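Visitor: The structure is given below, and queries will be raised subsequently.
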Protein chains: 2
Amino acid sequence: MNAEKIPDIIIGRLPVYLRAIQRMADNGIKTTSSQELGEHVGISAAQIRKDISQFGEFGKQGTGYSISYLLDKLKEILKVDRKWDVALVGAGDMGHALARYQGFTNRGFQIVMIFDNSKDKVGQKIDNFTIEDSEKMVERIKSAGIKMAMLTVPAPAAQSVADKLVQAGVRAILNYAPISLNVPNNVKVQYIDPATHLQRMTYYL
Amino acid sequence: MNAEKIPDIIIGRLPVYLRAIQRMADNGIKTTSSQELGEHVGISAAQIRKDISQFGEFGKQGTGYSISYLLDKLKEILKVDRKWDVALVGAGDMGHALARYQGFTNRGFQIVMIFDNSKDKVGQKIDNFTIEDSEKMVERIKSAGIKMAMLTVPAPAAQSVADKLVQAGVRAILNYAPISLNVPNNVKVQYIDPATHLQRMTYYL
């Protein structure tokens, strides 16, 4: 397996496979086929076989894939066979929803600190978290060695916060602010912007 | 312009261009180039020129694109030169955050009704919205002629709610539940699942 050679578009599908396979495992299913997995995720069986074969031989012809083996291997490939600490910046409505979201820990992530620049919010609690002052963000993230962050600040603030996150050593940012970020090549950004997703669908209506 | 012939991957980039161009317009900028736009969105100038040329001639060689013209055309292509009514299903933390989100109306969307199946929540207010009973969902959506919905229910409930939305006439679903949905071919689904996005980045860390 050579990380450099796998196209990003394939990497993007692996978490979707992992999610479906985890669900099968949770339902007590032991084996699956590319056909069955394809029906779950809406991707062709041929594409799934091709994607998975990039990482070696996972299944035997005719007997399908072992769910537990595939689960372990996909987690290993995506490096979520461990738990990543994540910093959350922006304690507005979306920040609150993410802080309280129960769906991270069983998928390799835990929010460990939450920052906001509003003096009214600093010191307040969201469940077990205490909102911390953004002014201490760089120092806190750096000393904790955190590599991942979620950004839920307003768009006009997003680039300057992203710059500080990069300065603090963050290498992966999930950006909820509706603006494209400029970051160095060694930093990954993923975007979540519901209006963009909605607009992608209206074209077809 | 022939909608059938434009690849979906290009359609997926248009909302990102629109977002960047809207921001330029808000900042009083009158013209832009594929080069400048590319720097904003992190896509090559050549790709942008190619994408935009699919829909006709937008710019003159050497003088760049008129922002206001491009804005109008992109909105028209994506059909957000109008306002789409959207139903929201699931009044949990994420549903609350979306109901209160200010970023939809200036991008072509307005949430007009919110449903939940919890008797405790039905009748409660989220800002100006009153949470309605899911049992009335199909009838309400059908009689209002709503074509778009956002789904923020727990994963185990998502498929059955999606089935009801389709039955009610919804043709585009933005799904926040971490599960792939099976819908008829004439229904579009987009997914927002933060853990999937995070896993797509850990691969590179």
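The way I read the labels, and the way they are meant: chains A, B, ... in the order of the structure tokens, residue 1 as the first residue of every chain, and ligand 1 as the first ligand shown, with later ones counted on from there.
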I need the chain A residues near chain B as a PyMOL selection string; criterion: at most 6 Å, counting only C-alpha atoms.
Guide: chain A and resi 12+15+41+78-79+93-94+97+180+196+200+202-203
Visitor: Mind listing the alpha helix (DSSP H) residues of stretch 80-194 of chain B, per DSSP on the backbone, as number ranges by chain?
Guide: B: 93-99, 137-144, 155-167, 194
Visitor: List every residue of stretch 63-119 of chain B that DSSP, applied to the backbone of this structure, places in strand (DSSP E or B), and write the result as number ranges by chain.
Guide: B: 64-66, 84-89, 109-116
Visitor: Fewer than 5 positions away in the same chain doesn't count, so skip those; otherwise give me all residues within 9 Å of B:Gly38, counting only C-alpha atoms, as a VMD selection string.
Guide: chain B and resid 17 33 43 to 48
Visitor: Could you write those residues out with N, CA and C atoms, as a PDB file, in the first residue's frame?
Guide:
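Just written: again-v7.pdb:
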```pdb
ATOM      1  N   TYR B  17     -18.357  28.282  -6.766  1.00  0.00           N
ATOM      2  CA  TYR B  17     -18.065  29.501  -7.528  1.00  0.00           C
ATOM      3  C   TYR B  17     -19.058  30.601  -7.160  1.00  0.00           C
ATOM      4  N   SER B  33     -11.362  37.430 -12.718  1.00  0.00           N
ATOM      5  CA  SER B  33     -10.777  36.555 -13.737  1.00  0.00           C
ATOM      6  C   SER B  33     -10.841  35.124 -13.230  1.00  0.00           C
ATOM      7  N   ILE B  43      -9.209  26.141  -6.952  1.00  0.00           N
ATOM      8  CA  ILE B  43      -9.398  25.334  -8.162  1.00  0.00           C
ATOM      9  C   ILE B  43      -8.638  26.047  -9.284  1.00  0.00           C
ATOM     10  N   SER B  44      -8.057  25.288 -10.201  1.00  0.00           N
ATOM     11  CA  SER B  44      -7.218  25.928 -11.226  1.00  0.00           C
ATOM     12  C   SER B  44      -8.043  26.820 -12.148  1.00  0.00           C
ATOM     13  N   ALA B  45      -7.399  27.864 -12.656  1.00  0.00           N
ATOM     14  CA  ALA B  45      -8.064  28.796 -13.571  1.00  0.00           C
ATOM     15  C   ALA B  45      -8.566  28.071 -14.816  1.00  0.00           C
ATOM     16  N   ALA B  46      -7.762  27.123 -15.307  1.00  0.00           N
ATOM     17  CA  ALA B  46      -8.148  26.376 -16.513  1.00  0.00           C
ATOM     18  C   ALA B  46      -9.439  25.583 -16.275  1.00  0.00           C
ATOM     19  N   GLN B  47      -9.511  24.950 -15.096  1.00  0.00           N
ATOM     20  CA  GLN B  47     -10.701  24.177 -14.741  1.00  0.00           C
ATOM     21  C   GLN B  47     -11.927  25.079 -14.661  1.00  0.00           C
ATOM     22  N   ILE B  48     -11.750  26.232 -14.052  1.00  0.00           N
ATOM     23  CA  ILE B  48     -12.870  27.171 -13.915  1.00  0.00           C
ATOM     24  C   ILE B  48     -13.361  27.629 -15.281  1.00  0.00           C
TER      25      ILE B  48
END
```
Visitor: What does the distance from atom CA of A:Gln110 to atom CA of A:Lys83 come to in Å, to one decimal?
Guide: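 Separation of atom CA of A:Gln110 and atom CA of A:Lys83: 6.9 Å.
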Visitor: List the neighbours of stretch 129-138 of chain A out to 6 Å using only C-alpha atoms; skip same-chain residues closer than 2 positions along the sequence, and give me the result as a VMD selection string.
Guide: chain A and resid 114 to 117 122 to 127 140 to 142 168
Visitor: Write out as a ChimeraX atom specification the residues lying within 12 Å of A:Lys30, counting only C-alpha atoms and excluding same-chain residues fewer than 3 positions away.
Guide: /A:21-27,33,63-71
Visitor: Using N, CA and C atoms, can you export the residues from the last selection as a PDB file, in the first residue's frame?
Guide:
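See selection13.pdb below for the written result:
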```pdb
ATOM      1  N   ILE A  21     -20.261  -0.623   6.623  1.00  0.00           N
ATOM      2  CA  ILE A  21     -19.774  -1.896   7.163  1.00  0.00           C
ATOM      3  C   ILE A  21     -19.907  -1.928   8.681  1.00  0.00           C
ATOM      4  N   GLN A  22     -19.658  -0.788   9.311  1.00  0.00           N
ATOM      5  CA  GLN A  22     -19.856  -0.698  10.761  1.00  0.00           C
ATOM      6  C   GLN A  22     -21.308  -0.984  11.119  1.00  0.00           C
ATOM      7  N   ARG A  23     -22.204  -0.455  10.297  1.00  0.00           N
ATOM      8  CA  ARG A  23     -23.631  -0.680  10.546  1.00  0.00           C
ATOM      9  C   ARG A  23     -23.994  -2.158  10.405  1.00  0.00           C
ATOM     10  N   MET A  24     -23.408  -2.804   9.387  1.00  0.00           N
ATOM     11  CA  MET A  24     -23.632  -4.248   9.231  1.00  0.00           C
ATOM     12  C   MET A  24     -23.100  -4.995  10.454  1.00  0.00           C
ATOM     13  N   ALA A  25     -21.901  -4.639  10.881  1.00  0.00           N
ATOM     14  CA  ALA A  25     -21.305  -5.297  12.055  1.00  0.00           C
ATOM     15  C   ALA A  25     -22.202  -5.110  13.282  1.00  0.00           C
ATOM     16  N   ASP A  26     -22.715  -3.887  13.464  1.00  0.00           N
ATOM     17  CA  ASP A  26     -23.600  -3.595  14.599  1.00  0.00           C
ATOM     18  C   ASP A  26     -24.862  -4.451  14.535  1.00  0.00           C
ATOM     19  N   ASN A  27     -25.263  -4.808  13.310  1.00  0.00           N
ATOM     20  CA  ASN A  27     -26.450  -5.644  13.134  1.00  0.00           C
ATOM     21  C   ASN A  27     -26.129  -7.138  13.151  1.00  0.00           C
ATOM     22  N   SER A  33     -20.835  -8.797   0.388  1.00  0.00           N
ATOM     23  CA  SER A  33     -20.287  -8.820  -0.967  1.00  0.00           C
ATOM     24  C   SER A  33     -20.221  -7.388  -1.491  1.00  0.00           C
ATOM     25  N   THR A  63     -16.645 -15.926  -1.914  1.00  0.00           N
ATOM     26  CA  THR A  63     -17.052 -16.008  -0.509  1.00  0.00           C
ATOM     27  C   THR A  63     -17.318 -14.628   0.096  1.00  0.00           C
ATOM     28  N   GLY A  64     -16.978 -13.578  -0.656  1.00  0.00           N
ATOM     29  CA  GLY A  64     -17.238 -12.231  -0.165  1.00  0.00           C
ATOM     30  C   GLY A  64     -16.219 -11.764   0.847  1.00  0.00           C
ATOM     31  N   TYR A  65     -16.534 -10.628   1.461  1.00  0.00           N
ATOM     32  CA  TYR A  65     -15.630 -10.010   2.418  1.00  0.00           C
ATOM     33  C   TYR A  65     -16.030 -10.374   3.844  1.00  0.00           C
ATOM     34  N   SER A  66     -15.043 -10.622   4.686  1.00  0.00           N
ATOM     35  CA  SER A  66     -15.304 -10.727   6.118  1.00  0.00           C
ATOM     36  C   SER A  66     -15.499  -9.322   6.675  1.00  0.00           C
ATOM     37  N   ILE A  67     -16.662  -9.097   7.308  1.00  0.00           N
ATOM     38  CA  ILE A  67     -16.986  -7.771   7.851  1.00  0.00           C
ATOM     39  C   ILE A  67     -15.940  -7.322   8.867  1.00  0.00           C
ATOM     40  N   SER A  68     -15.578  -8.219   9.785  1.00  0.00           N
ATOM     41  CA  SER A  68     -14.674  -7.780  10.854  1.00  0.00           C
ATOM     42  C   SER A  68     -13.287  -7.466  10.305  1.00  0.00           C
ATOM     43  N   TYR A  69     -12.861  -8.236   9.307  1.00  0.00           N
ATOM     44  CA  TYR A  69     -11.559  -7.982   8.698  1.00  0.00           C
ATOM     45  C   TYR A  69     -11.574  -6.654   7.933  1.00  0.00           C
ATOM     46  N   LEU A  70     -12.631  -6.451   7.141  1.00  0.00           N
ATOM     47  CA  LEU A  70     -12.765  -5.223   6.359  1.00  0.00           C
ATOM     48  C   LEU A  70     -12.844  -4.002   7.280  1.00  0.00           C
ATOM     49  N   LEU A  71     -13.569  -4.184   8.379  1.00  0.00           N
ATOM     50  CA  LEU A  71     -13.705  -3.112   9.368  1.00  0.00           C
ATOM     51  C   LEU A  71     -12.337  -2.718   9.913  1.00  0.00           C
TER      52      LEU A  71
END
```
Visitor: Please indicate the distance in Å from atom CA of A:Ile6 to atom CA of A:Ile29, rounded to one decimal place.
Guide: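 We find that atom CA of A:Ile6 and atom CA of A:Ile29 lie 28.8 Å from each other.
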